[in-house]
file start-v9.txt (compact mmCIF, C-alpha atoms)
# COMPACT_ATOMS: atom_id res chain seq x y z
CA MET A 1 149.41 -183.04 62.82
CA ASN A 2 149.07 -186.75 62.15
CA LEU A 3 147.50 -188.84 64.83
CA ASP A 4 147.91 -192.53 65.30
CA TRP A 5 145.19 -193.87 67.56
CA MET A 6 146.31 -197.45 66.90
CA VAL A 7 148.95 -196.86 69.57
CA VAL A 8 146.21 -196.85 72.17
CA TRP A 9 144.69 -200.06 70.86
CA GLU A 10 148.07 -201.80 70.68
CA HIS A 11 148.68 -201.04 74.35
CA ARG A 12 145.15 -201.84 75.46
CA ASP A 13 146.25 -204.61 77.81
CA ARG A 14 148.55 -202.34 79.76
CA PHE A 15 145.96 -199.56 79.93
CA LEU A 16 143.42 -202.02 81.29
CA GLU A 17 145.88 -203.43 83.82
CA GLY A 18 146.53 -199.88 85.00
CA ALA A 19 142.82 -199.19 85.27
CA ALA A 20 142.36 -202.42 87.25
CA MET A 21 145.13 -201.36 89.63
CA THR A 22 143.42 -197.98 90.10
CA ILE A 23 140.21 -199.76 91.10
CA ILE A 24 142.05 -202.19 93.40
CA LEU A 25 143.81 -199.26 95.11
CA THR A 26 140.51 -197.43 95.60
CA VAL A 27 138.74 -200.45 97.06
CA ALA A 28 141.65 -201.53 99.26
CA THR A 29 142.20 -198.01 100.60
CA MET A 30 138.54 -197.60 101.50
CA ALA A 31 138.48 -201.05 103.10
CA LEU A 32 141.32 -199.90 105.38
CA ALA A 33 140.08 -196.35 105.86
CA ILE A 34 136.58 -197.17 107.13
CA PRO A 35 137.77 -199.06 110.23
CA GLY A 36 140.73 -196.65 110.43
CA GLY A 37 138.43 -193.65 110.35
CA LEU A 38 136.08 -195.14 112.94
CA ALA A 39 138.99 -195.90 115.26
CA LEU A 40 140.37 -192.37 114.91
CA ALA A 41 136.91 -190.90 115.51
CA PHE A 42 136.51 -192.90 118.76
CA LEU A 43 140.01 -191.95 119.89
CA ARG A 44 139.23 -188.28 119.22
CA MET A 45 136.06 -188.48 121.27
CA SER A 46 137.81 -190.15 124.20
CA ARG A 47 137.47 -188.59 127.63
CA ARG A 48 141.20 -188.98 128.21
CA ARG A 49 143.31 -186.15 126.91
CA ALA A 50 146.32 -188.42 126.44
CA VAL A 51 144.27 -190.46 123.95
CA ARG A 52 142.46 -187.55 122.34
CA ALA A 53 145.44 -185.30 121.68
CA PRO A 54 147.58 -187.61 119.49
CA ALA A 55 144.53 -188.70 117.48
CA THR A 56 143.56 -185.08 116.90
CA ALA A 57 147.10 -184.18 115.87
CA PHE A 58 147.23 -187.12 113.44
CA VAL A 59 143.91 -186.20 111.82
CA GLU A 60 144.60 -182.48 111.54
CA PHE A 61 148.07 -183.09 110.19
CA PHE A 62 146.90 -185.43 107.44
CA ARG A 63 144.04 -183.14 106.53
CA ALA A 64 146.16 -180.00 106.27
CA THR A 65 149.07 -181.22 104.15
CA PRO A 66 149.14 -182.22 100.46
CA LEU A 67 148.62 -185.93 99.80
CA ILE A 68 151.38 -185.98 97.19
CA LEU A 69 153.84 -184.87 99.88
CA GLN A 70 152.47 -187.47 102.31
CA VAL A 71 153.13 -190.15 99.69
CA TYR A 72 156.77 -189.07 99.35
CA TRP A 73 157.13 -188.73 103.06
CA VAL A 74 155.88 -192.25 103.77
CA PHE A 75 158.04 -193.53 100.91
CA TYR A 76 161.24 -192.07 102.36
CA VAL A 77 160.59 -191.83 106.08
CA LEU A 78 159.12 -195.26 106.91
CA PRO A 79 162.15 -197.18 105.63
CA ALA A 80 164.65 -194.69 107.03
CA THR A 81 163.25 -194.25 110.55
CA PHE A 82 161.54 -197.54 111.27
CA GLY A 83 163.63 -199.78 109.05
CA LEU A 84 160.39 -200.89 107.43
CA ARG A 85 160.87 -202.24 103.91
CA LEU A 86 157.65 -201.89 101.92
CA SER A 87 156.96 -202.29 98.24
CA ALA A 88 155.80 -199.27 96.25
CA LEU A 89 152.26 -200.60 96.28
CA GLU A 90 152.24 -201.11 100.06
CA THR A 91 153.71 -197.66 100.60
CA GLY A 92 151.12 -196.02 98.36
CA LEU A 93 148.36 -197.93 100.07
CA ALA A 94 149.63 -196.90 103.52
CA ALA A 95 149.78 -193.21 102.55
CA LEU A 96 146.33 -193.25 100.95
CA ALA A 97 144.82 -195.16 103.86
CA MET A 98 146.21 -192.77 106.48
CA ASN A 99 144.99 -189.78 104.49
CA VAL A 100 141.50 -191.12 103.84
CA SER A 101 141.18 -192.44 107.42
CA SER A 102 141.73 -188.89 108.65
CA PHE A 103 138.99 -187.54 106.42
CA ASN A 104 136.67 -190.43 107.30
CA SER A 105 137.24 -189.92 111.02
CA GLU A 106 135.86 -186.38 110.75
CA THR A 107 132.89 -187.69 108.77
CA PHE A 108 132.14 -190.40 111.34
CA ARG A 109 132.64 -188.03 114.25
CA ALA A 110 130.18 -185.55 112.77
CA GLY A 111 127.70 -188.38 112.18
CA ILE A 112 128.01 -189.75 115.72
CA LEU A 113 127.70 -186.28 117.28
CA SER A 114 124.64 -185.57 115.13
CA ILE A 115 122.63 -188.31 116.89
CA ARG A 116 120.68 -186.60 119.65
CA PRO A 117 121.90 -187.37 123.21
CA GLY A 118 118.35 -188.39 124.15
CA GLN A 119 118.83 -191.60 122.18
CA ARG A 120 121.91 -192.51 124.18
CA HIS A 121 120.23 -191.66 127.46
CA ALA A 122 117.17 -193.74 126.57
CA ALA A 123 119.30 -196.75 125.65
CA LEU A 124 121.37 -196.44 128.82
CA ALA A 125 118.14 -196.20 130.84
CA LEU A 126 117.04 -199.47 129.21
CA GLY A 127 120.11 -201.09 130.71
CA MET A 128 122.40 -201.25 127.69
CA SER A 129 126.14 -200.91 128.20
CA GLY A 130 128.05 -198.02 126.62
CA VAL A 131 129.44 -200.31 123.91
CA GLN A 132 125.97 -201.74 123.18
CA VAL A 133 124.53 -198.22 122.89
CA MET A 134 127.20 -197.26 120.38
CA TRP A 135 126.93 -200.48 118.37
CA TYR A 136 123.13 -200.96 118.27
CA ILE A 137 121.72 -197.43 118.60
CA VAL A 138 124.15 -194.66 117.62
CA LEU A 139 126.36 -196.18 114.91
CA PRO A 140 123.62 -197.57 112.63
CA GLN A 141 121.90 -194.18 112.50
CA ALA A 142 125.19 -192.28 112.20
CA VAL A 143 126.40 -194.45 109.31
CA ALA A 144 123.16 -193.94 107.37
CA ARG A 145 123.56 -190.22 107.88
CA VAL A 146 127.17 -190.00 106.69
CA LEU A 147 126.72 -192.28 103.68
CA PRO A 148 126.54 -189.32 101.24
CA ALA A 149 129.73 -187.80 102.68
CA LEU A 150 131.50 -191.19 102.48
CA ALA A 151 130.41 -191.50 98.85
CA SER A 152 131.96 -188.11 98.04
CA THR A 153 135.17 -189.18 99.75
CA TRP A 154 135.13 -192.34 97.63
CA VAL A 155 135.19 -190.35 94.38
CA SER A 156 137.95 -188.05 95.68
CA LEU A 157 139.91 -191.16 96.64
CA PHE A 158 139.42 -192.66 93.19
CA LYS A 159 140.99 -189.51 91.73
CA ASP A 160 143.71 -189.33 94.37
CA THR A 161 144.99 -192.83 93.62
CA SER A 162 146.67 -191.20 90.58
CA LEU A 163 149.14 -189.56 92.99
CA VAL A 164 150.83 -192.81 93.96
CA SER A 165 152.12 -192.97 90.38
CA ILE A 166 155.02 -190.78 91.58
CA ILE A 167 156.39 -193.70 93.60
CA THR A 168 155.99 -196.06 90.60
CA VAL A 169 152.81 -197.85 91.61
CA MET A 170 151.62 -199.26 88.30
CA GLU A 171 148.17 -197.72 88.21
CA LEU A 172 146.55 -195.98 85.26
CA SER A 173 148.52 -192.69 85.40
CA TYR A 174 151.87 -194.40 85.81
CA VAL A 175 151.22 -196.89 83.04
CA SER A 176 149.97 -194.16 80.70
CA LEU A 177 152.96 -191.90 81.30
CA GLN A 178 155.20 -194.90 80.71
CA ILE A 179 153.51 -195.73 77.40
CA ARG A 180 153.80 -192.07 76.43
CA SER A 181 157.55 -192.03 76.94
CA GLN A 182 157.99 -195.31 75.06
CA THR A 183 155.87 -194.42 72.02
CA PHE A 184 156.14 -190.59 71.91
CA ARG A 185 152.45 -190.50 70.92
CA VAL A 186 151.80 -187.87 73.59
CA LEU A 187 148.41 -186.56 72.54
CA GLU A 188 146.86 -189.96 71.83
CA VAL A 189 148.13 -191.69 74.98
CA LEU A 190 147.31 -188.85 77.36
CA THR A 191 143.86 -188.40 75.86
CA ALA A 192 143.23 -192.13 76.22
CA MET A 193 144.28 -191.90 79.87
CA ALA A 194 141.89 -189.00 80.48
CA ALA A 195 139.09 -190.86 78.66
CA LEU A 196 139.62 -193.99 80.77
CA TYR A 197 139.47 -192.02 83.99
CA TRP A 198 136.35 -190.29 82.70
CA LEU A 199 134.69 -193.59 81.79
CA MET A 200 135.31 -194.93 85.29
CA GLY A 201 134.75 -191.72 87.23
CA TYR A 202 131.70 -190.22 85.53
CA PRO A 203 129.27 -193.00 86.55
CA GLN A 204 130.69 -192.83 90.09
CA ALA A 205 130.05 -189.08 90.25
CA LYS A 206 126.48 -189.65 89.08
CA LEU A 207 126.03 -192.45 91.62
CA VAL A 208 127.20 -190.10 94.37
CA ASP A 209 124.57 -187.54 93.31
CA TRP A 210 121.94 -190.27 93.52
CA ILE A 211 123.14 -191.31 97.00
CA HIS A 212 122.99 -187.68 98.08
CA ARG A 213 119.38 -187.43 96.89
CA ARG A 214 118.37 -190.79 98.33
CA TRP A 215 119.94 -190.48 101.80
CA LYS A 216 119.72 -186.74 102.29
CA VAL A 217 119.09 -185.81 105.94
CA ALA A 218 115.85 -183.87 106.17
CA GLU A 219 116.30 -181.16 108.81
CA MET B 1 169.60 -192.07 112.08
CA SER B 2 171.43 -188.78 111.86
CA PHE B 3 169.55 -185.58 111.55
CA ASP B 4 171.18 -182.80 109.60
CA LEU B 5 169.62 -179.40 109.08
CA ALA B 6 172.65 -177.89 107.32
CA PRO B 7 171.36 -178.54 103.76
CA LEU B 8 168.08 -176.85 104.68
CA ILE B 9 169.78 -173.79 106.08
CA ALA B 10 172.21 -173.55 103.19
CA ASN B 11 169.41 -173.72 100.63
CA TRP B 12 166.69 -171.73 102.36
CA ARG B 13 166.45 -169.20 99.52
CA PHE B 14 165.81 -171.98 97.02
CA LEU B 15 162.98 -173.35 99.17
CA ALA B 16 161.60 -169.88 99.89
CA SER B 17 161.36 -169.21 96.15
CA GLY B 18 159.36 -172.45 95.92
CA LEU B 19 157.04 -171.23 98.64
CA VAL B 20 156.52 -167.95 96.75
CA THR B 21 155.66 -169.91 93.59
CA THR B 22 153.27 -172.12 95.57
CA LEU B 23 151.44 -169.06 96.86
CA LEU B 24 151.45 -167.42 93.41
CA VAL B 25 150.18 -170.52 91.58
CA SER B 26 147.53 -171.06 94.27
CA ALA B 27 146.37 -167.44 94.15
CA LEU B 28 146.15 -167.37 90.35
CA SER B 29 144.37 -170.73 90.16
CA ILE B 30 141.92 -169.57 92.84
CA LEU B 31 141.23 -166.39 90.84
CA LEU B 32 140.67 -168.37 87.65
CA GLY B 33 138.62 -170.97 89.52
CA ALA B 34 136.49 -168.27 91.15
CA ALA B 35 135.81 -166.60 87.78
CA ILE B 36 134.85 -169.91 86.15
CA GLY B 37 132.90 -170.94 89.24
CA LEU B 38 130.86 -167.74 89.35
CA LEU B 39 129.86 -168.14 85.69
CA VAL B 40 129.12 -171.85 86.09
CA GLY B 41 127.20 -171.42 89.35
CA ALA B 42 125.10 -168.53 88.08
CA GLY B 43 124.62 -170.18 84.68
CA ARG B 44 123.40 -173.43 86.21
CA THR B 45 121.06 -171.66 88.63
CA TYR B 46 119.52 -169.01 86.36
CA GLY B 47 120.49 -170.05 82.81
CA GLY B 48 117.70 -172.46 81.94
CA ARG B 49 117.73 -176.17 81.34
CA TRP B 50 120.11 -176.71 78.46
CA LEU B 51 122.80 -174.43 79.90
CA ASP B 52 122.46 -176.35 83.16
CA ARG B 53 123.03 -179.61 81.27
CA VAL B 54 126.09 -178.36 79.40
CA LEU B 55 127.68 -176.87 82.50
CA GLY B 56 126.65 -179.93 84.51
CA PHE B 57 128.62 -182.06 82.07
CA TYR B 58 131.72 -179.91 82.66
CA VAL B 59 131.29 -180.18 86.43
CA ASP B 60 130.81 -183.96 86.41
CA THR B 61 133.76 -184.43 84.06
CA VAL B 62 136.02 -182.54 86.44
CA ARG B 63 134.67 -184.59 89.34
CA ALA B 64 135.58 -187.77 87.43
CA VAL B 65 139.12 -186.98 86.24
CA PRO B 66 142.12 -186.52 88.59
CA VAL B 67 143.95 -183.17 88.84
CA LEU B 68 147.14 -184.96 87.85
CA VAL B 69 145.55 -185.94 84.54
CA PHE B 70 144.41 -182.36 83.87
CA LEU B 71 147.89 -181.07 84.64
CA VAL B 72 149.71 -183.60 82.49
CA TRP B 73 147.24 -183.23 79.62
CA THR B 74 147.35 -179.41 79.68
CA TYR B 75 151.13 -179.30 79.75
CA PHE B 76 152.05 -182.11 77.35
CA ALA B 77 149.06 -182.72 75.08
CA PHE B 78 147.17 -179.41 74.82
CA PRO B 79 150.08 -177.42 73.25
CA LEU B 80 150.43 -180.08 70.48
CA PHE B 81 146.74 -179.88 69.80
CA ALA B 82 146.45 -176.07 69.93
CA GLY B 83 149.83 -175.33 68.36
CA ILE B 84 151.00 -173.07 71.20
CA ARG B 85 153.71 -173.09 73.83
CA LEU B 86 152.98 -173.14 77.54
CA THR B 87 155.40 -172.70 80.42
CA PRO B 88 154.91 -175.22 83.25
CA THR B 89 153.58 -172.48 85.52
CA ALA B 90 151.04 -171.26 82.94
CA ALA B 91 149.88 -174.82 82.25
CA GLY B 92 149.69 -175.44 86.00
CA VAL B 93 147.54 -172.38 86.66
CA LEU B 94 145.25 -173.20 83.71
CA ALA B 95 144.73 -176.84 84.70
CA LEU B 96 144.31 -176.13 88.43
CA GLY B 97 141.94 -173.23 87.76
CA PHE B 98 139.87 -175.28 85.32
CA HIS B 99 139.65 -178.09 87.87
CA LEU B 100 138.81 -175.81 90.79
CA GLY B 101 136.19 -173.88 88.80
CA ALA B 102 133.82 -176.85 88.72
CA TYR B 103 133.90 -177.23 92.51
CA VAL B 104 133.49 -173.47 93.06
CA GLY B 105 130.55 -173.56 90.62
CA GLU B 106 128.83 -176.25 92.70
CA VAL B 107 129.40 -174.31 95.92
CA ILE B 108 127.98 -171.13 94.38
CA ARG B 109 125.01 -172.96 92.94
CA ALA B 110 124.22 -174.59 96.29
CA GLY B 111 124.59 -171.21 98.01
CA LEU B 112 122.28 -169.42 95.57
CA LEU B 113 119.68 -172.19 95.77
CA SER B 114 119.78 -172.17 99.59
CA VAL B 115 118.26 -168.68 99.68
CA ARG B 116 114.52 -169.28 99.73
CA ALA B 117 112.55 -168.51 96.58
CA GLY B 118 110.27 -166.14 98.48
CA GLN B 119 113.15 -163.67 98.75
CA MET B 120 113.48 -163.42 94.99
CA ARG B 121 109.73 -163.05 94.61
CA ALA B 122 109.62 -160.34 97.27
CA ALA B 123 112.47 -158.44 95.57
CA LEU B 124 110.75 -158.68 92.19
CA ALA B 125 107.48 -157.52 93.76
CA LEU B 126 109.32 -154.46 95.11
CA GLY B 127 110.16 -153.55 91.50
CA MET B 128 113.79 -154.79 91.38
CA THR B 129 115.15 -156.35 88.22
CA ARG B 130 116.34 -159.97 88.45
CA LEU B 131 119.98 -158.90 88.31
CA GLN B 132 119.44 -156.31 91.06
CA ALA B 133 117.72 -158.90 93.22
CA ILE B 134 120.56 -161.39 92.75
CA ARG B 135 123.23 -158.78 93.39
CA THR B 136 121.71 -157.03 96.40
CA ILE B 137 119.47 -159.65 98.04
CA ILE B 138 120.43 -163.20 97.10
CA LEU B 139 124.21 -163.07 96.64
CA PRO B 140 125.12 -161.33 99.95
CA GLN B 141 123.24 -163.97 101.95
CA ALA B 142 124.51 -166.78 99.77
CA LEU B 143 128.14 -165.60 100.11
CA ILE B 144 128.01 -165.85 103.91
CA ARG B 145 126.59 -169.37 103.67
CA MET B 146 129.28 -170.34 101.17
CA LEU B 147 132.08 -169.34 103.53
CA PRO B 148 132.82 -172.82 105.03
CA PRO B 149 133.02 -174.65 101.67
CA ILE B 150 135.02 -171.77 100.17
CA GLY B 151 137.46 -172.11 103.05
CA SER B 152 137.91 -175.81 102.37
CA LEU B 153 138.25 -175.18 98.62
CA THR B 154 141.04 -172.67 99.34
CA VAL B 155 142.81 -175.34 101.37
CA ILE B 156 142.28 -177.86 98.56
CA ALA B 157 143.58 -175.38 95.96
CA ILE B 158 146.83 -174.89 97.87
CA LYS B 159 147.20 -178.63 98.45
CA ASP B 160 146.57 -179.32 94.75
CA SER B 161 149.22 -176.80 93.73
CA ALA B 162 151.72 -179.36 95.07
CA ILE B 163 150.58 -181.78 92.35
CA ALA B 164 151.83 -179.24 89.77
CA SER B 165 155.30 -180.52 90.75
CA VAL B 166 154.72 -183.40 88.30
CA ILE B 167 154.91 -180.94 85.38
CA ALA B 168 157.96 -179.23 86.92
CA VAL B 169 156.31 -176.06 88.19
CA PRO B 170 159.04 -174.78 90.55
CA GLU B 171 156.82 -174.65 93.64
CA LEU B 172 157.62 -175.84 97.16
CA MET B 173 157.07 -179.55 96.48
CA ARG B 174 159.20 -179.50 93.31
CA GLN B 175 161.98 -177.45 94.90
CA SER B 176 162.02 -179.91 97.80
CA GLN B 177 162.32 -182.84 95.40
CA THR B 178 165.17 -181.10 93.55
CA LEU B 179 166.95 -180.41 96.81
CA VAL B 180 166.52 -184.02 97.93
CA GLY B 181 168.10 -185.04 94.64
CA THR B 182 171.24 -183.01 95.32
CA THR B 183 171.58 -183.34 99.11
CA PHE B 184 170.12 -186.84 99.80
CA ARG B 185 168.39 -185.61 102.96
CA PRO B 186 164.76 -186.62 102.21
CA PHE B 187 163.71 -186.85 105.85
CA GLU B 188 164.67 -183.32 106.85
CA ILE B 189 163.55 -181.66 103.62
CA TYR B 190 160.17 -183.35 103.24
CA THR B 191 159.40 -182.94 106.93
CA MET B 192 160.21 -179.25 106.62
CA ALA B 193 157.93 -178.94 103.55
CA MET B 194 155.19 -180.78 105.43
CA ILE B 195 155.45 -178.33 108.35
CA VAL B 196 155.40 -175.32 106.02
CA TYR B 197 152.25 -176.55 104.27
CA PHE B 198 150.62 -177.27 107.62
CA LEU B 199 151.45 -173.79 108.91
CA ILE B 200 149.78 -172.25 105.86
CA LEU B 201 146.76 -174.54 105.58
CA TYR B 202 145.75 -175.15 109.17
CA PRO B 203 145.22 -171.44 110.00
CA ILE B 204 143.18 -171.01 106.80
CA ALA B 205 140.93 -173.95 107.73
CA ARG B 206 140.46 -172.83 111.34
CA GLY B 207 140.29 -169.13 110.42
CA THR B 208 137.40 -169.53 107.96
CA ASP B 209 135.55 -171.65 110.56
CA ARG B 210 135.87 -168.88 113.14
CA LEU B 211 135.00 -166.15 110.66
CA TYR B 212 131.89 -168.10 109.68
CA ARG B 213 130.78 -168.51 113.29
CA ARG B 214 130.99 -164.74 113.73
CA LEU B 215 129.22 -163.88 110.47
CA GLN B 216 126.73 -166.76 110.42
CA HIS B 217 123.78 -164.65 111.62
CA LEU B 218 124.16 -162.33 108.60
CA GLY B 219 123.37 -165.20 106.24
CA ALA B 220 120.33 -166.42 108.15
CA SER B 221 116.93 -165.55 106.82
call {"tool": "encode", "arguments": {"input": "start-v9.txt", "output": "structure tokens"}}
result
Amino acid sequence: MNLDWMVVWEHRDRFLEGAAMTIILTVATMALAIPGGLALAFLRMSRRRAVRAPATAFVEFFRATPLILQVYWVFYVLPATFGLRLSALETGLAALAMNVSSFNSETFRAGILSIRPGQRHAALALGMSGVQVMWYIVLPQAVARVLPALASTWVSLFKDTSLVSIITVMELSYVSLQIRSQTFRVLEVLTAMAALYWLMGYPQAKLVDWIHRRWKVAE
Amino acid sequence: MSFDLAPLIANWRFLASGLVTTLLVSALSILLGAAIGLLVGAGRTYGGRWLDRVLGFYVDTVRAVPVLVFLVWTYFAFPLFAGIRLTPTAAGVLALGFHLGAYVGEVIRAGLLSVRAGQMRAALALGMTRLQAIRTIILPQALIRMLPPIGSLTVIAIKDSAIASVIAVPELMRQSQTLVGTTFRPFEIYTMAMIVYFLILYPIARGTDRLYRRLQHLGAS
């Protein structure tokens, strides 16, 4: 078998553009999914059933179906039912953000519920309002506690951005598969794609381990 | 918008065969992942430092590279490199199992390490061999504690089997795409597939939670 690794070098610009898009997608999704997850967590903890039930249904539905199917579904259903015209990138971002928000909401909810009720009672006794208690007392502690879980979600998200390639978002997987079909250098191009993901993902995985060690909750 | 279930009803056998393949691919990849995971978990816990490093590299590599990349590489690139032929389903099971194995390995390692060291020492003091102690004392307690993460890994394995559609494994996702291509009813077909996945995955997630709550005391020490 003769290999021609020059193919990879010749297409370096496109590979790098794809890798940049992967990073942009990861950052943008997380930027949407942290407020999204917090909002869903608060809605799920609401005292009103009419608020709680739809939020719960949303979260459970997005957690118990494959992301790849969610991407297709958003791609076809949003334009058809709501007449919403979105670009491939916006569609992919919407699907990823809804998915990750659902996972984040469970993380935040667990963090908020893990703060002992005594803290809330003490703050209320000091005359703080419910919102103040949440903002100044509960949330800061809860966020520190769920940081390791959020970091793990981050790495999963980084990997999951590859799935929006099926709706032609030009991230690393899509670009690589495109170069493969143009050059027919299958082994070289696909190995380069895997290596690029590895180069970006491996340090992130190690960083997550460090965050887990650093912010581990001592029982 | 009109809603038409006729294409779904007319093609139910085609979709059902996809569901069977989904379950088959998931089951086989879980078996492969469990076998790899058991070896990796035990190897990292009891195998000494250099084995831990080598296996740790495998685990961190899998954590860094998307499933899609494993699937595409195993199906398109690996046969060129190894000089063999792989059907999409075989490549799918191999790639999914290889990916899952790293996560199972971490769960098993965490479970084994969560059983306090005193238990191993006590078992050894009673005259058990290391293997006996692991098999009869450590593993049973660890397995109970591993139940929640194993439940979520099962859910993840079934969800990830849908990604095998990109290498044309004829599972539910792929069959749905094919049917959308011929009937042009994406809304009905994808919604149906969504509901089917939910009906499989949600009971597994809730079921393992409930099972764990009932068995939890057996893993406490």
call {"tool": "residues_around", "arguments": {"input": "start-v9.txt", "residues": "region 139-143 of chain B", "least_positions_apart": "6", "cutoff": "9 Å", "atoms": "all atoms listed in the file", "output": "ChimeraX atom specification"}}
result
/B:108,110-115,133,218-221
call {"tool": "write_last_selection", "arguments": {"input": "start-v9.txt", "atoms": "C-alpha atoms", "output": "PDB file, in the coordinates of the input"}}
result
ATOM      1  CA  ILE B 108     127.980-171.130  94.380  1.00  0.00           C
ATOM      2  CA  ALA B 110     124.220-174.590  96.290  1.00  0.00           C
ATOM      3  CA  GLY B 111     124.590-171.210  98.010  1.00  0.00           C
ATOM      4  CA  LEU B 112     122.280-169.420  95.570  1.00  0.00           C
ATOM      5  CA  LEU B 113     119.680-172.190  95.770  1.00  0.00           C
ATOM      6  CA  SER B 114     119.780-172.170  99.590  1.00  0.00           C
ATOM      7  CA  VAL B 115     118.260-168.680  99.680  1.00  0.00           C
ATOM      8  CA  ALA B 133     117.720-158.900  93.220  1.00  0.00           C
ATOM      9  CA  LEU B 218     124.160-162.330 108.600  1.00  0.00           C
ATOM     10  CA  GLY B 219     123.370-165.200 106.240  1.00  0.00           C
ATOM     11  CA  ALA B 220     120.330-166.420 108.150  1.00  0.00           C
ATOM     12  CA  SER B 221     116.930-165.550 106.820  1.00  0.00           C
TER      13      SER B 221
END
call {"tool": "residues_around", "arguments": {"input": "start-v9.txt", "residues": "Leu39 (chain B)", "least_positions_apart": "2", "cutoff": "12 Å", "atoms": "all atoms listed in the file", "output": "JSON, numbers by chain"}}
result
{"B": [32, 33, 34, 35, 36, 37, 41, 42, 43, 44, 45, 46, 47, 51, 52, 55, 101, 102, 104, 105, 106, 107, 108, 109]}
call {"tool": "closest_atom_pairs", "arguments": {"input": "start-v9.txt", "of": "chain B", "to": "chain A", "cutoff": "10 Å", "atoms": "all atoms listed in the file", "output": "tab-separated table"}}
result
residue	atom	partner	partner_atom	distance
B:Met1	CA	A:Thr81	CA	6.9
B:Ser2	CA	A:Thr81	CA	9.9
B:Phe57	CA	A:Tyr202	CA	9.4
B:Val59	CA	A:Ala205	CA	9.8
B:Asp60	CA	A:Tyr202	CA	6.4
B:Thr61	CA	A:Tyr202	CA	6.3
B:Val62	CA	A:Trp198	CA	8.6
B:Arg63	CA	A:Ala205	CA	6.5
B:Ala64	CA	A:Gly201	CA	4.0
B:Val65	CA	A:Tyr197	CA	5.5
B:Pro66	CA	A:Lys159	CA	4.5
B:Val67	CA	A:Lys159	CA	7.6
B:Leu68	CA	A:Ser162	CA	6.8
B:Val69	CA	A:Ala194	CA	6.3
B:Phe70	CA	A:Ala194	CA	7.9
B:Val72	CA	A:Leu190	CA	7.7
B:Trp73	CA	A:Leu190	CA	6.1
B:Thr74	CA	A:Leu190	CA	9.7
B:Phe76	CA	A:Val186	CA	6.9
B:Ala77	CA	A:Leu187	CA	4.6
B:Phe78	CA	A:Leu187	CA	7.6
B:Pro79	CA	A:Leu187	CA	9.3
B:Leu80	CA	A:Leu187	CA	7.1
B:Phe81	CA	A:Leu187	CA	7.4
B:Gly83	CA	A:Met1	CA	9.5
B:Val155	CA	A:Ala64	CA	7.5
B:Ile156	CA	A:Pro66	CA	8.3
B:Ala157	CA	A:Pro66	CA	9.9
B:Ile158	CA	A:Pro66	CA	8.1
B:Lys159	CA	A:Pro66	CA	4.5
B:Asp160	CA	A:Pro66	CA	6.9
B:Ser161	CA	A:Pro66	CA	8.6
B:Ala162	CA	A:Pro66	CA	6.6
B:Ile163	CA	A:Ile68	CA	6.5
B:Ser165	CA	A:Ile68	CA	9.3
B:Val166	CA	A:Ile166	CA	8.1
B:Met173	CA	A:Leu69	CA	7.1
B:Ser176	CA	A:Leu69	CA	9.8
B:Gln177	CA	A:Tyr72	CA	9.2
B:Arg185	CA	A:Tyr76	CA	9.7
B:Pro186	CA	A:Tyr76	CA	6.5
B:Phe187	CA	A:Val77	CA	5.9
B:Glu188	CA	A:Val77	CA	9.5
B:Ile189	CA	A:Trp73	CA	9.6
B:Tyr190	CA	A:Trp73	CA	6.2
B:Thr191	CA	A:Trp73	CA	7.3
B:Ala193	CA	A:Leu69	CA	8.1
B:Met194	CA	A:Thr65	CA	6.3
B:Ile195	CA	A:Thr65	CA	8.2
B:Val196	CA	A:Thr65	CA	8.9
B:Tyr197	CA	A:Thr65	CA	5.7
B:Phe198	CA	A:Ala64	CA	5.4
B:Leu199	CA	A:Ala64	CA	8.6
B:Ile200	CA	A:Ala64	CA	8.6
B:Leu201	CA	A:Ala64	CA	5.5
B:Tyr202	CA	A:Ala64	CA	5.7
B:Pro203	CA	A:Ala64	CA	9.4
B:Ile204	CA	A:Ala64	CA	9.5
B:Ala205	CA	A:Ala64	CA	8.1
call {"tool": "residues_around", "arguments": {"input": "start-v9.txt", "residues": "Ala28 (chain A)", "least_positions_apart": "5", "cutoff": "9 Å", "atoms": "all atoms listed in the file", "output": "ChimeraX atom specification"}}
result
/A:23,33,93,97
call {"tool": "atom_distance", "arguments": {"input": "start-v9.txt", "atom1": "CA of Gly18 (chain A)", "atom2": "CA of Met170 (chain A)"}}
result
6.1 Å
call {"tool": "closest_residue", "arguments": {"input": "start-v9.txt", "among": "A:Ala19, A:Ile115, A:Met128, A:Leu3", "to": "Phe184 (chain A)", "atoms": "all atoms listed in the file"}}
result
A:Leu3
call {"tool": "atom_distance", "arguments": {"input": "start-v9.txt", "atom1": "CA of Val180 (chain B)", "atom2": "CA of Met98 (chain A)"}}
result
23.7 Å
call {"tool": "axis_aligned_box", "arguments": {"input": "start-v9.txt", "around": "region 72-75 of chain A", "padding_each_side": "8 Å", "output": "JSON"}}
result
{"center_x": 157.0, "center_y": -191.1, "center_z": 101.6, "size_x": 18.2, "size_y": 20.8, "size_z": 20.4}
call {"tool": "closest_residue", "arguments": {"input": "start-v9.txt", "among": "A:Ser87, A:Ser105, A:Gln132, A:Asn99", "to": "Val169 (chain A)", "atoms": "only C-alpha atoms"}}
result
A:Ser87
call {"tool": "atom_distance", "arguments": {"input": "start-v9.txt", "atom1": "CA of Tyr75 (chain B)", "atom2": "CA of Ile167 (chain B)"}}
result
7.0 Å
call {"tool": "closest_residue", "arguments": {"input": "start-v9.txt", "among": "A:Leu124, A:Ala94, A:Ile179, A:Ala149", "to": "Lys216 (chain A)", "atoms": "only C-alpha atoms"}}
result
A:Ala149
